[in-house]
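Below is the file final33.cif, which contains mmCIF, C-alpha atoms.
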data_structure
loop_
_atom_site.label_atom_id
_atom_site.label_comp_id
_atom_site.auth_asym_id
_atom_site.auth_seq_id
_atom_site.Cartn_x
_atom_site.Cartn_y
_atom_site.Cartn_z
CA MET D 1 18.70 34.44 -12.78
CA LEU D 2 18.05 37.26 -10.30
CA PHE D 3 14.60 38.17 -11.65
CA LEU D 4 12.17 35.51 -12.84
CA PRO D 5 10.31 36.10 -16.15
CA ASP D 6 6.96 36.42 -14.34
CA GLU D 7 8.49 38.96 -11.95
CA ILE D 8 9.82 41.07 -14.83
CA LYS D 9 6.39 40.99 -16.45
CA SER D 10 4.81 42.09 -13.18
CA LEU D 11 7.37 44.87 -12.57
CA LYS D 12 6.53 46.38 -15.97
CA GLN D 13 2.95 46.91 -14.79
CA GLY D 14 3.82 49.37 -12.01
CA LYS D 15 6.51 51.67 -10.65
CA SER D 16 9.02 50.47 -8.04
CA LEU D 17 10.39 52.40 -5.07
CA LEU D 18 13.86 51.23 -3.98
CA MET D 19 15.04 51.73 -0.40
CA VAL D 20 18.71 52.69 -0.89
CA SER D 21 20.91 53.40 2.12
CA GLY D 22 24.18 53.71 0.19
CA GLY D 23 25.58 50.47 1.60
CA PRO D 24 26.86 47.64 -0.66
CA ASP D 25 23.60 45.67 -0.70
CA SER D 26 21.34 48.54 -1.74
CA VAL D 27 23.91 49.87 -4.25
CA TYR D 28 24.01 46.40 -5.86
CA LEU D 29 20.18 46.45 -5.97
CA PHE D 30 20.24 49.91 -7.56
CA HIS D 31 22.52 48.77 -10.40
CA GLN D 32 20.42 45.66 -11.02
CA TYR D 33 17.40 47.89 -11.47
CA LEU D 34 19.33 50.13 -13.81
CA ASN D 35 19.84 47.08 -16.02
CA LEU D 36 16.11 46.30 -15.83
CA LYS D 37 15.34 49.89 -16.84
CA LYS D 38 17.64 49.67 -19.88
CA GLN D 39 16.46 46.21 -21.00
CA PHE D 40 12.74 46.29 -20.16
CA GLU D 41 11.95 49.99 -19.53
CA ILE D 42 10.97 49.26 -15.94
CA GLU D 43 10.35 52.47 -13.99
CA PHE D 44 11.75 53.01 -10.52
CA SER D 45 12.67 55.73 -8.03
CA VAL D 46 14.79 55.76 -4.88
CA ILE D 47 13.96 56.66 -1.30
CA HIS D 48 16.76 57.38 1.21
CA PHE D 49 16.55 57.96 4.96
CA ASN D 50 19.02 60.09 6.88
CA HIS D 51 18.83 58.87 10.49
CA HIS D 52 21.25 61.52 11.78
CA LEU D 53 22.69 58.99 14.24
CA ARG D 54 26.29 59.06 12.98
CA ALA D 55 26.86 62.79 12.48
CA GLU D 56 28.83 63.53 9.28
CA GLU D 57 28.79 59.89 8.20
CA SER D 58 25.00 60.00 7.77
CA ASP D 59 25.26 63.17 5.69
CA ARG D 60 27.94 61.63 3.47
CA GLU D 61 25.68 58.64 2.78
CA GLN D 62 22.84 60.98 1.81
CA ALA D 63 25.10 62.92 -0.55
CA PHE D 64 26.41 59.67 -2.07
CA VAL D 65 22.88 58.37 -2.81
CA GLU D 66 21.77 61.73 -4.23
CA ASP D 67 24.82 61.84 -6.53
CA LEU D 68 24.30 58.22 -7.62
CA CYS D 69 20.69 58.97 -8.59
CA ALA D 70 21.50 62.24 -10.30
CA GLU D 71 24.27 60.60 -12.34
CA ASN D 72 21.81 57.98 -13.61
CA LYS D 73 18.80 60.33 -13.89
CA ILE D 74 16.74 58.54 -11.22
CA ASN D 75 14.34 60.41 -8.93
CA CYS D 76 15.54 60.43 -5.32
CA HIS D 77 13.33 61.13 -2.29
CA VAL D 78 15.25 61.97 0.90
CA HIS D 79 13.68 61.90 4.36
CA HIS D 80 15.19 62.95 7.68
CA LEU D 81 14.29 60.86 10.74
CA LYS D 82 14.18 62.13 14.30
CA PHE D 83 14.06 60.02 17.48
CA LYS D 84 12.88 61.10 20.94
CA ASN D 85 14.97 58.43 22.68
CA LYS D 86 17.58 55.84 21.74
CA LYS D 87 15.83 52.85 23.34
CA GLY D 88 14.97 50.24 20.70
CA ILE D 89 16.39 52.55 18.05
CA GLN D 90 16.56 49.87 15.32
CA LEU D 91 12.89 48.97 15.70
CA GLN D 92 11.90 52.64 15.81
CA ALA D 93 13.88 53.35 12.64
CA ARG D 94 12.39 50.37 10.82
CA LYS D 95 8.83 51.41 11.64
CA LYS D 96 9.46 54.98 10.56
CA ARG D 97 11.07 53.89 7.27
CA TYR D 98 8.23 51.60 6.31
CA GLY D 99 5.58 54.08 7.42
CA ILE D 100 7.02 56.87 5.27
CA SER D 101 7.59 54.48 2.35
CA LEU D 102 3.96 53.38 2.41
CA LYS D 103 2.85 57.02 2.41
CA HIS D 104 5.05 57.56 -0.65
CA GLN D 105 3.38 54.61 -2.29
CA ALA D 106 0.03 56.36 -1.79
CA ASP D 107 1.23 59.83 -2.81
CA TYR D 108 3.18 58.86 -5.94
CA GLY D 109 1.45 55.65 -7.07
CA PHE D 110 4.26 53.16 -6.53
CA LYS D 111 3.19 49.53 -6.71
CA PHE D 112 6.39 47.87 -5.48
CA LEU D 113 8.48 48.65 -2.42
CA VAL D 114 11.86 46.99 -2.96
CA THR D 115 14.53 46.24 -0.35
CA ALA D 116 18.01 44.72 -0.61
CA HIS D 117 17.65 41.80 1.83
CA HIS D 118 19.81 38.86 0.73
CA ARG D 119 20.33 35.23 1.75
CA ASP D 120 22.66 36.07 4.64
CA ASP D 121 19.93 38.28 6.09
CA THR D 122 17.54 35.31 6.02
CA LEU D 123 20.07 33.17 7.88
CA GLU D 124 20.66 35.84 10.54
CA THR D 125 16.91 36.38 10.97
CA VAL D 126 16.24 32.65 11.45
CA LEU D 127 19.07 32.36 13.99
CA MET D 128 17.76 35.38 15.91
CA ARG D 129 14.27 33.91 16.07
CA ILE D 130 15.49 30.46 17.09
CA GLY D 131 17.31 32.12 19.98
CA ARG D 132 14.06 33.77 21.03
CA GLY D 133 12.15 30.47 20.97
CA ALA D 134 10.34 31.01 17.66
CA GLY D 135 7.52 28.76 16.54
CA LEU D 136 6.62 27.71 13.01
CA LYS D 137 5.99 31.24 11.75
CA GLY D 138 9.26 32.53 13.18
CA LEU D 139 11.28 29.94 11.26
CA CYS D 140 10.06 31.24 7.91
CA GLY D 141 12.80 33.82 7.62
CA ILE D 142 12.13 36.64 5.15
CA ARG D 143 9.49 36.52 2.42
CA ARG D 144 10.62 37.28 -1.12
CA ARG D 145 7.31 38.90 -1.93
CA PHE D 146 4.13 39.75 -0.02
CA GLU D 147 1.28 42.24 -0.21
CA MET D 148 0.24 44.84 2.32
CA LYS D 149 -3.07 46.63 1.88
CA ASN D 150 -2.92 50.41 2.00
CA PRO D 151 -6.27 52.15 2.73
CA SER D 152 -5.10 55.12 0.64
CA LEU D 153 -4.91 53.10 -2.57
CA PRO D 154 -7.28 50.70 -4.32
CA ILE D 155 -4.39 48.28 -4.91
CA PRO D 156 -2.09 46.78 -2.24
CA CYS D 157 1.58 47.64 -1.94
CA VAL D 158 3.81 44.72 -2.93
CA PHE D 159 6.96 44.27 -0.84
CA PHE D 160 9.64 42.76 -3.07
CA ARG D 161 13.07 41.39 -2.06
CA PRO D 162 14.71 40.09 -5.24
CA LEU D 163 18.15 39.42 -3.68
CA LEU D 164 17.09 36.67 -1.25
CA LYS D 165 18.63 33.95 -3.43
CA ILE D 166 22.13 35.44 -3.49
CA THR D 167 24.78 35.76 -0.79
CA LYS D 168 26.67 38.72 0.62
CA LYS D 169 29.80 37.27 -0.95
CA THR D 170 28.24 37.41 -4.43
CA ILE D 171 27.27 41.05 -3.90
CA SER D 172 30.76 42.02 -2.69
CA GLU D 173 32.45 40.27 -5.61
CA PHE D 174 30.17 41.98 -8.13
CA LEU D 175 30.86 45.45 -6.71
CA PHE D 176 34.60 44.74 -6.60
CA ASP D 177 34.75 43.39 -10.18
CA HIS D 178 32.84 46.38 -11.56
CA LYS D 179 34.75 48.89 -9.40
CA MET D 180 31.55 50.29 -7.92
CA SER D 181 31.80 52.49 -4.85
CA TYR D 182 29.51 52.34 -1.82
CA CYS D 183 29.36 53.47 1.81
CA ILE D 184 30.20 51.56 4.99
CA ASP D 185 27.91 51.95 7.98
CA SER D 186 30.19 51.98 11.02
CA SER D 187 27.32 50.93 13.32
CA ASN D 188 27.32 47.52 11.60
CA LEU D 189 30.66 46.82 13.28
CA SER D 190 29.20 47.18 16.78
CA THR D 191 28.15 43.96 18.53
CA ASN D 192 25.81 45.87 20.82
CA TYR D 193 23.04 44.97 18.38
CA LEU D 194 21.90 41.34 18.33
CA ARG D 195 21.97 40.98 14.54
CA ASN D 196 25.53 42.31 14.37
CA ALA D 197 26.63 39.96 17.16
CA ILE D 198 25.15 36.96 15.30
CA ARG D 199 26.72 38.09 12.02
CA GLN D 200 30.18 38.53 13.48
CA ASN D 201 30.37 35.86 16.19
CA LEU D 202 27.96 33.04 15.30
CA VAL D 203 27.62 32.87 11.51
CA PRO D 204 31.39 32.45 10.85
CA LYS D 205 31.34 29.30 13.02
CA ILE D 206 28.67 27.68 10.83
CA LYS D 207 29.89 25.81 7.76
CA VAL D 208 28.84 27.22 4.39
CA GLU D 209 26.81 24.12 3.47
CA GLU D 210 25.09 24.20 6.88
CA ARG D 211 24.13 27.84 6.34
CA LEU D 212 22.51 26.84 3.07
CA ASP D 213 20.64 24.00 4.81
CA LEU D 214 19.21 26.45 7.35
CA VAL D 215 18.04 28.78 4.59
CA ARG D 216 16.45 25.87 2.72
CA LEU D 217 14.74 24.82 5.93
CA SER D 218 13.23 28.28 6.29
CA GLU D 219 11.98 28.08 2.68
CA SER D 220 10.34 24.71 3.39
CA VAL D 221 8.73 26.06 6.55
CA GLN D 222 7.44 28.97 4.46
CA VAL D 223 5.39 26.52 2.40
CA LEU D 224 3.84 25.13 5.60
CA ASP D 225 3.20 28.65 6.88
CA ASP D 226 1.38 29.55 3.65
CA TYR D 227 -0.81 26.48 4.12
CA TRP D 228 -1.76 27.50 7.67
CA GLN D 229 -2.38 31.08 6.59
CA GLU D 230 -4.78 29.84 3.92
CA ARG D 231 -6.65 27.73 6.47
CA LEU D 232 -6.76 30.71 8.82
CA ARG D 233 -8.26 32.97 6.14
CA PHE D 234 -10.93 30.35 5.47
CA GLN D 235 -11.89 30.08 9.15
CA GLN D 236 -11.93 33.86 9.58
CA LYS D 237 -14.61 34.09 6.91
CA ARG D 238 -16.75 31.57 8.81
CA TYR D 239 -16.21 32.87 12.34
CA SER D 240 -15.92 36.54 13.26
CA HIS D 241 -15.68 36.50 17.06
CA HIS D 242 -17.16 33.15 18.16
CA VAL D 243 -15.95 29.64 17.33
CA PRO D 244 -18.24 26.76 18.46
CA LEU D 245 -16.44 24.28 20.67
CA THR D 246 -17.12 21.40 18.30
CA SER D 247 -15.22 23.30 15.61
CA TRP D 248 -12.51 24.69 17.91
CA ASP D 249 -11.61 21.26 19.30
CA SER D 250 -11.27 19.87 15.78
CA TRP D 251 -8.68 22.49 14.82
CA PRO D 252 -4.96 21.66 15.07
CA ASN D 253 -3.08 23.57 17.74
CA GLU D 254 -1.29 25.73 15.16
CA LEU D 255 -4.58 26.94 13.67
CA GLN D 256 -6.05 27.67 17.11
CA PHE D 257 -3.03 29.75 18.06
CA ARG D 258 -3.07 31.77 14.83
CA PHE D 259 -6.78 32.50 15.15
CA PHE D 260 -6.18 33.49 18.78
CA CYS D 261 -3.44 35.96 17.76
CA VAL D 262 -5.47 37.47 14.90
CA GLN D 263 -8.45 38.09 17.16
CA LEU D 264 -6.27 39.77 19.80
CA ARG D 265 -4.73 42.09 17.18
CA ARG D 266 -8.14 42.80 15.63
CA LEU D 267 -9.47 43.93 19.00
CA GLY D 268 -6.49 46.22 19.65
CA TYR D 269 -4.07 44.16 21.76
CA VAL D 270 -0.63 45.53 20.82
CA LYS D 271 1.69 43.85 23.32
CA GLN D 272 3.65 40.68 22.65
CA ILE D 273 1.42 37.60 22.60
CA GLN D 274 2.96 34.83 24.67
CA ALA D 275 2.46 31.08 24.81
CA LYS D 276 1.17 31.35 28.40
CA HIS D 277 -1.74 33.48 27.16
CA PHE D 278 -2.80 30.82 24.71
CA SER D 279 -2.35 28.06 27.32
CA ALA D 280 -4.74 29.92 29.61
CA ILE D 281 -7.72 29.21 27.32
CA GLN D 282 -7.16 25.47 27.06
CA GLU D 283 -9.46 24.81 30.00
CA ILE D 284 -13.16 24.30 29.27
CA ASN D 285 -14.36 27.17 31.47
CA CYS D 286 -12.16 30.27 31.55
CA HIS D 287 -12.21 34.02 31.15
CA LEU D 288 -8.94 35.62 30.05
CA GLU D 289 -8.55 39.40 30.06
CA LEU D 290 -5.64 40.93 28.10
CA GLY D 291 -5.71 44.71 28.07
CA SER D 292 -9.08 45.66 26.58
CA VAL D 293 -9.64 42.20 25.09
CA HIS D 294 -11.74 39.48 26.72
CA ILE D 295 -11.55 35.82 25.72
CA LEU D 296 -14.19 33.48 27.12
CA LYS D 297 -14.31 29.74 26.68
CA ASP D 298 -16.93 27.30 27.93
CA ARG D 299 -18.89 24.31 26.69
CA SER D 300 -20.30 26.35 23.83
CA GLY D 301 -17.07 27.66 22.33
CA CYS D 302 -14.52 30.49 22.34
CA TYR D 303 -15.61 34.13 22.33
CA PHE D 304 -13.46 37.18 21.57
CA TYR D 305 -14.77 40.59 22.67
CA SER D 306 -13.53 44.09 23.43
CA SER D 307 -14.26 45.86 26.73
CA ARG D 308 -17.03 47.84 25.00
CA GLN D 309 -18.80 44.64 23.92
CA ILE D 310 -18.17 42.37 26.87
CA GLN D 311 -20.71 43.70 29.39
CA GLN D 312 -23.67 43.36 27.07
CA PHE D 313 -22.53 39.89 26.09
CA MET D 314 -21.89 38.77 29.67
CA ASN D 315 -25.35 39.89 30.80
CA LEU D 316 -27.05 37.79 28.16
CA HIS D 317 -24.54 34.97 28.54
CA HIS D 318 -25.12 34.56 32.28
CA GLU D 319 -28.87 35.02 31.96
CA LEU D 320 -29.11 32.17 29.48
CA LYS D 321 -26.83 30.00 31.61
CA GLY D 322 -28.87 30.70 34.72
CA MET D 323 -32.11 29.77 33.01
CA GLY D 324 -30.66 26.57 31.65
CA SER D 325 -31.68 27.04 28.02
CA TYR D 326 -28.08 27.44 27.03
CA TYR D 327 -25.66 26.69 24.23
CA LEU D 328 -25.69 22.99 23.44
CA ALA D 329 -22.33 22.41 21.82
CA CYS D 330 -20.98 19.12 23.18
CA LEU D 331 -23.55 16.36 22.90
CA SER D 332 -22.96 12.87 24.18
CA CYS D 333 -25.10 9.94 23.09
CA LYS D 334 -26.97 10.22 26.40
CA LEU D 335 -29.04 13.37 26.66
CA ASP D 336 -31.18 14.07 29.73
CA ILE D 337 -34.28 16.16 29.19
CA LEU D 338 -36.07 18.05 31.95
CA LYS D 339 -39.69 17.84 30.90
CA THR D 340 -41.60 20.95 32.01
CA ASP D 341 -45.15 21.79 31.02
CA SER D 342 -44.69 25.27 32.44
CA ILE D 343 -41.37 27.06 32.76
CA ASP D 344 -40.47 27.65 36.40
CA LEU D 345 -37.78 30.31 36.06
CA GLU D 346 -36.81 30.28 39.72
CA HIS D 347 -36.33 26.51 39.66
CA ILE D 348 -34.19 26.72 36.53
CA LYS D 349 -32.03 29.51 37.96
CA ASP D 350 -31.26 27.38 41.01
CA THR D 351 -30.33 24.37 38.89
CA LYS D 352 -26.63 23.73 38.45
CA ASP D 353 -25.62 24.40 34.85
CA ASP D 354 -25.05 21.24 32.86
CA SER D 355 -24.62 21.21 29.12
CA SER D 356 -26.23 17.75 28.96
CA ILE D 357 -29.56 19.13 30.23
CA LEU D 358 -31.89 20.89 27.84
CA TYR D 359 -34.88 22.84 29.18
CA ILE D 360 -37.87 22.77 26.85
CA GLU D 361 -41.64 23.08 26.91
CA ALA D 362 -42.99 19.55 26.69
CA ALA D 363 -45.67 20.42 24.18
CA LYS D 364 -43.02 21.51 21.73
CA LEU D 365 -41.09 18.30 21.42
CA LYS D 366 -41.73 14.62 20.91
CA LEU D 367 -39.54 12.58 23.23
CA PRO D 368 -37.17 10.82 23.43
CA LEU D 369 -34.24 12.50 21.68
CA PHE D 370 -31.42 10.70 19.89
CA VAL D 371 -27.97 11.73 18.70
CA THR D 372 -27.09 10.38 15.24
CA THR D 373 -25.18 11.46 12.17
CA TRP D 374 -26.97 13.28 9.36
CA LYS D 375 -28.19 11.62 6.18
CA GLN D 376 -29.23 12.72 2.70
CA GLY D 377 -32.71 14.17 2.63
CA ASP D 378 -32.62 15.58 6.18
CA VAL D 379 -34.37 18.93 6.58
CA PHE D 380 -34.96 21.23 9.54
CA ARG D 381 -36.10 24.75 10.30
CA PRO D 382 -33.27 26.82 11.88
CA TYR D 383 -34.11 29.16 14.73
CA GLY D 384 -35.76 32.35 13.51
CA LYS D 385 -36.44 31.03 9.98
CA LYS D 386 -39.92 30.75 8.50
CA LYS D 387 -39.25 27.86 6.17
CA PRO D 388 -37.34 24.56 6.54
CA ILE D 389 -34.10 24.01 4.68
CA LYS D 390 -32.26 20.94 3.48
CA LEU D 391 -29.52 20.03 5.91
CA LYS D 392 -27.11 19.62 3.00
CA ASP D 393 -27.77 23.23 1.93
CA PHE D 394 -27.49 24.41 5.54
CA PHE D 395 -24.01 22.84 5.83
CA GLN D 396 -22.96 24.54 2.59
CA ILE D 397 -24.25 27.92 3.77
CA ARG D 398 -22.29 27.56 7.03
CA GLY D 399 -19.15 26.57 5.10
CA ILE D 400 -18.77 23.08 6.59
CA PRO D 401 -16.39 20.98 4.43
CA GLU D 402 -17.84 17.75 3.05
CA HIS D 403 -15.41 15.56 4.99
CA GLN D 404 -16.64 17.12 8.26
CA ARG D 405 -20.33 16.74 7.41
CA LYS D 406 -20.07 12.94 7.37
CA PHE D 407 -19.34 12.82 11.10
CA TRP D 408 -21.32 15.84 12.28
CA PRO D 409 -23.79 14.87 15.08
CA VAL D 410 -27.49 15.59 14.65
CA LEU D 411 -30.13 15.71 17.40
CA ARG D 412 -33.39 13.98 16.39
CA ASP D 413 -36.73 13.28 18.01
CA ALA D 414 -38.52 9.91 18.06
CA GLN D 415 -39.96 10.55 14.59
CA GLY D 416 -36.49 11.23 13.19
CA GLU D 417 -37.01 14.95 12.68
CA VAL D 418 -33.87 17.07 13.13
CA GLN D 419 -34.10 19.27 16.22
CA ALA D 420 -30.55 20.66 16.37
CA VAL D 421 -27.18 20.62 14.64
CA PRO D 422 -24.74 20.73 17.59
CA GLY D 423 -22.21 23.53 17.37
CA LEU D 424 -24.14 25.33 14.63
CA GLU D 425 -27.89 25.85 15.06
CA ILE D 426 -31.08 24.71 16.79
CA ALA D 427 -34.52 24.17 15.30
CA ASP D 428 -36.93 27.04 15.72
CA LYS D 429 -39.44 24.82 17.53
CA LEU D 430 -37.05 24.34 20.48
CA ALA D 431 -37.11 27.99 21.51
CA VAL D 432 -38.22 28.37 25.13
CA VAL D 433 -40.32 31.51 25.44
CA SER D 434 -41.55 32.82 28.79
CA SER D 435 -43.84 35.76 29.32
CA GLU D 436 -42.00 36.43 32.59
CA SER D 437 -38.76 37.16 30.79
CA PRO D 438 -38.05 39.55 27.91
CA VAL D 439 -35.47 37.08 26.67
CA SER D 440 -36.56 34.44 24.19
CA LEU D 441 -34.55 31.47 25.42
CA CYS D 442 -33.16 29.61 22.48
CA MET D 443 -30.04 27.50 22.06
CA ARG D 444 -27.90 29.47 19.60
CA LEU D 445 -25.31 26.75 18.96
#
Represent the structure of the file as structure tokens.
Amino acid sequence: MLFLPDEIKSLKQGKSLLMVSGGPDSVYLFHQYLNLKKQFEIEFSVIHFNHHLRAEESDREQAFVEDLCAENKINCHVHHLKFKNKKGIQLQARKKRYGISLKHQADYGFKFLVTAHHRDDTLETVLMRIGRGAGLKGLCGIRRRFEMKNPSLPIPCVFFRPLLKITKKTISEFLFDHKMSYCIDSSNLSTNYLRNAIRQNLVPKIKVEERLDLVRLSESVQVLDDYWQERLRFQQKRYSHHVPLTSWDSWPNELQFRFFCVQLRRLGYVKQIQAKHFSAIQEINCHLELGSVHILKDRSGCYFYSSRQIQQFMNLHHELKGMGSYYLACLSCKLDILKTDSIDLEHIKDTKDDSSILYIEAAKLKLPLFVTTWKQGDVFRPYGKKKPIKLKDFFQIRGIPEHQRKFWPVLRDAQGEVQAVPGLEIADKLAVVSSESPVSLCMRL
């Protein structure tokens, strides 16, 4: 079955916009939607793009699509594309097509944008990405359905590719059996384009059953990719631009890399993200600058900032480091405390930074300190809060999963009172305040 029952039910709830080039794949898609219209009264229109790259051939394709729509009483929207240069023409054309299609979705209220990608396209895409050294995400092939939010509409546009389960051979046989005409794009015969070269030279050498295995592999990888995307969305809600080191080090490499890429894109980095960029932040202390994006990593965690934000952050960051009352993110079971009855700022500035040293006012804390795990009934007063809170509730507020709470370290004094939750927060009583400095020195973990 080409369309699943749930998909048919969904398609009845909104109009579809079909991208029809006039080639065999899109013509097959058009006739399948005609059947849906007759059987289930599903509404759809067609959008066609004249690239003007093949002279009269492009015009003939436009006329063919317009006649096909007119014959079947389907609305047809034609757009003419212009290109300033021919470099990367396929990518340029793809971006223009999708950009215009999304504008149509906003202007005319289409819910679904439908393309004629089929199973052979998935195979070619996977092979192309393997050749480029793709990771997990690159092996996913083509999604059958996904949503893209459009600021112009309250509902997202749904990209739908219903033909991904069928082969090019099935499409060709259907068109031949029903004597349906279509256009042939002569540029598809040129091996100057990578996809065409793979289609003509590599795919024929792969056995049919092996092609199917590769497609099934991409579908299995898609399930894994969905899992990582869900984990990524969860972490993005918890961390906007700073991930504490205790959390970052607990993440699998795949999750770290995805978060890294999302933050770069969010801050405006548009170039290709390479593995060497990600490798550069594996060291404990580093500062990576990519375009207008700054990534800092130290003993407290990973920070992602734009050029506009970085100077203000760096000023405070270095000031806190120089004074020694600094982010306490990696606690060992041995914690040295510099006991000072009065804060000597000059002495602290000259002291070599060490995350195992905590500068405090002696009157504020009962020594010694101990690192333990948390237990039921623990309470503490987070920095800046007027009232204490149960540690259990604090973990829930910060979105820490229950399985992580069991092993989360807690810093206590000799009376067992919680003074800090490493990687998350410090008790208000540990704030170091000096009249000589406008900065209230606290450990924001």
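Interatomic distance, atom CA of Glu289 of chain D against atom CA of Val243 of chain D: 17.7 Å.
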If the PyMOL selection byres ((chain D and resi 145) around 10) were run on this exact file, what residues would it hold? Put them as a list in words. Phe112, Leu113, Val114, Ile142, Arg143, Arg144, Phe146, Glu147, Val158, Phe159, Phe160, Arg161 and Pro162 of chain D
Give me the result of the PyMOL selection byres ((chain D and resi 58) around 12) on this file, residue by residue, as an mmCIF file with C-alpha atoms, in the coordinates of the input.
data_model
loop_
_atom_site.group_PDB
_atom_site.id
_atom_site.type_symbol
_atom_site.label_atom_id
_atom_site.label_comp_id
_atom_site.auth_asym_id
_atom_site.auth_seq_id
_atom_site.Cartn_x
_atom_site.Cartn_y
_atom_site.Cartn_z
ATOM 1 C CA SER D 21 20.910 53.400 2.120
ATOM 2 C CA GLY D 22 24.180 53.710 0.190
ATOM 3 C CA GLY D 23 25.580 50.470 1.600
ATOM 4 C CA HIS D 48 16.760 57.380 1.210
ATOM 5 C CA PHE D 49 16.550 57.960 4.960
ATOM 6 C CA ASN D 50 19.020 60.090 6.880
ATOM 7 C CA HIS D 51 18.830 58.870 10.490
ATOM 8 C CA HIS D 52 21.250 61.520 11.780
ATOM 9 C CA LEU D 53 22.690 58.990 14.240
ATOM 10 C CA ARG D 54 26.290 59.060 12.980
ATOM 11 C CA ALA D 55 26.860 62.790 12.480
ATOM 12 C CA GLU D 56 28.830 63.530 9.280
ATOM 13 C CA GLU D 57 28.790 59.890 8.200
ATOM 14 C CA ASP D 59 25.260 63.170 5.690
ATOM 15 C CA ARG D 60 27.940 61.630 3.470
ATOM 16 C CA GLU D 61 25.680 58.640 2.780
ATOM 17 C CA GLN D 62 22.840 60.980 1.810
ATOM 18 C CA ALA D 63 25.100 62.920 -0.550
ATOM 19 C CA PHE D 64 26.410 59.670 -2.070
ATOM 20 C CA VAL D 65 22.880 58.370 -2.810
ATOM 21 C CA HIS D 79 13.680 61.900 4.360
ATOM 22 C CA HIS D 80 15.190 62.950 7.680
ATOM 23 C CA LEU D 81 14.290 60.860 10.740
ATOM 24 C CA CYS D 183 29.360 53.470 1.810
ATOM 25 C CA ILE D 184 30.200 51.560 4.990
ATOM 26 C CA ASP D 185 27.910 51.950 7.980
ATOM 27 C CA SER D 186 30.190 51.980 11.020
ATOM 28 C CA SER D 187 27.320 50.930 13.320
#
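In this model, the gap between atom CA of Gly138 of chain D and atom CA of Leu164 of chain D comes to 16.9 Å.
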Check which residues satisfy the PyMOL selection byres ((chain D and resi 102) around 12) in the file shown, then give them as a compact mmCIF listing (two decimals) with C-alpha atoms, in the coordinates of the input.
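Result file is part06.txt:
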# COMPACT_ATOMS: atom_id res chain seq x y z
CA SER D 16 9.02 50.47 -8.04
CA LEU D 17 10.39 52.40 -5.07
CA LEU D 18 13.86 51.23 -3.98
CA MET D 19 15.04 51.73 -0.40
CA ILE D 47 13.96 56.66 -1.30
CA LYS D 95 8.83 51.41 11.64
CA LYS D 96 9.46 54.98 10.56
CA ARG D 97 11.07 53.89 7.27
CA TYR D 98 8.23 51.60 6.31
CA GLY D 99 5.58 54.08 7.42
CA ILE D 100 7.02 56.87 5.27
CA SER D 101 7.59 54.48 2.35
CA LYS D 103 2.85 57.02 2.41
CA HIS D 104 5.05 57.56 -0.65
CA GLN D 105 3.38 54.61 -2.29
CA ALA D 106 0.03 56.36 -1.79
CA ASP D 107 1.23 59.83 -2.81
CA TYR D 108 3.18 58.86 -5.94
CA GLY D 109 1.45 55.65 -7.07
CA PHE D 110 4.26 53.16 -6.53
CA LYS D 111 3.19 49.53 -6.71
CA PHE D 112 6.39 47.87 -5.48
CA LEU D 113 8.48 48.65 -2.42
CA VAL D 114 11.86 46.99 -2.96
CA GLU D 147 1.28 42.24 -0.21
CA MET D 148 0.24 44.84 2.32
CA LYS D 149 -3.07 46.63 1.88
CA ASN D 150 -2.92 50.41 2.00
CA PRO D 151 -6.27 52.15 2.73
CA SER D 152 -5.10 55.12 0.64
CA LEU D 153 -4.91 53.10 -2.57
CA PRO D 156 -2.09 46.78 -2.24
CA CYS D 157 1.58 47.64 -1.94
CA VAL D 158 3.81 44.72 -2.93
CA PHE D 159 6.96 44.27 -0.84
Atom pair atom CA of Asp120 of chain D + atom CA of Lys168 of chain D, distance 6.3 Å
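Each of D:Arg216, D:His277, D:His294, D:Arg381 was checked against Phe257 of chain D using all atoms listed in the file; the smallest atom-to-atom distance is that of D:His277.
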Around segment 3-6 of chain D, fit a box with edges along x, y and z, padding it by 3 Å on each side, then list its centre and edge lengths in Å to one decimal as JSON.
{"center_x": 10.8, "center_y": 36.8, "center_z": -13.9, "size_x": 13.6, "size_y": 8.7, "size_z": 10.5}
Might you pull out every residue within 10 Å of Glu43 of chain D, with only C-alpha atoms counted and same-chain residues fewer than 5 positions away left off, and present them as an NGL selection string? :D and (11-17 or 33-34 or 36-38 or 74 or 110)
Any idea what's packed within 12 Å of Lys276 of chain D, counting all atoms listed in the file, ignoring anything in its chain fewer than 4 positions away? Could you give it as a PyMOL selection string? chain D and resi 257+272+280-282+288+290
Residue neighbourhood Asn35 of chain D, 12 Å, all atoms listed in the file, exclusion window fewer than 4 positions, as a PyMOL selection string: chain D and resi 2-3+8+28-31+39-44+72
For C-alpha atoms, I'd like the residues from the last selection saved as a PDB file, keeping the file's coordinate frame.
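Output file part11.pdb follows:
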ATOM      1  CA  LEU D   2      18.050  37.260 -10.300  1.00  0.00           C
ATOM      2  CA  PHE D   3      14.600  38.170 -11.650  1.00  0.00           C
ATOM      3  CA  ILE D   8       9.820  41.070 -14.830  1.00  0.00           C
ATOM      4  CA  TYR D  28      24.010  46.400  -5.860  1.00  0.00           C
ATOM      5  CA  LEU D  29      20.180  46.450  -5.970  1.00  0.00           C
ATOM      6  CA  PHE D  30      20.240  49.910  -7.560  1.00  0.00           C
ATOM      7  CA  HIS D  31      22.520  48.770 -10.400  1.00  0.00           C
ATOM      8  CA  GLN D  39      16.460  46.210 -21.000  1.00  0.00           C
ATOM      9  CA  PHE D  40      12.740  46.290 -20.160  1.00  0.00           C
ATOM     10  CA  GLU D  41      11.950  49.990 -19.530  1.00  0.00           C
ATOM     11  CA  ILE D  42      10.970  49.260 -15.940  1.00  0.00           C
ATOM     12  CA  GLU D  43      10.350  52.470 -13.990  1.00  0.00           C
ATOM     13  CA  PHE D  44      11.750  53.010 -10.520  1.00  0.00           C
ATOM     14  CA  ASN D  72      21.810  57.980 -13.610  1.00  0.00           C
TER      15      ASN D  72
END
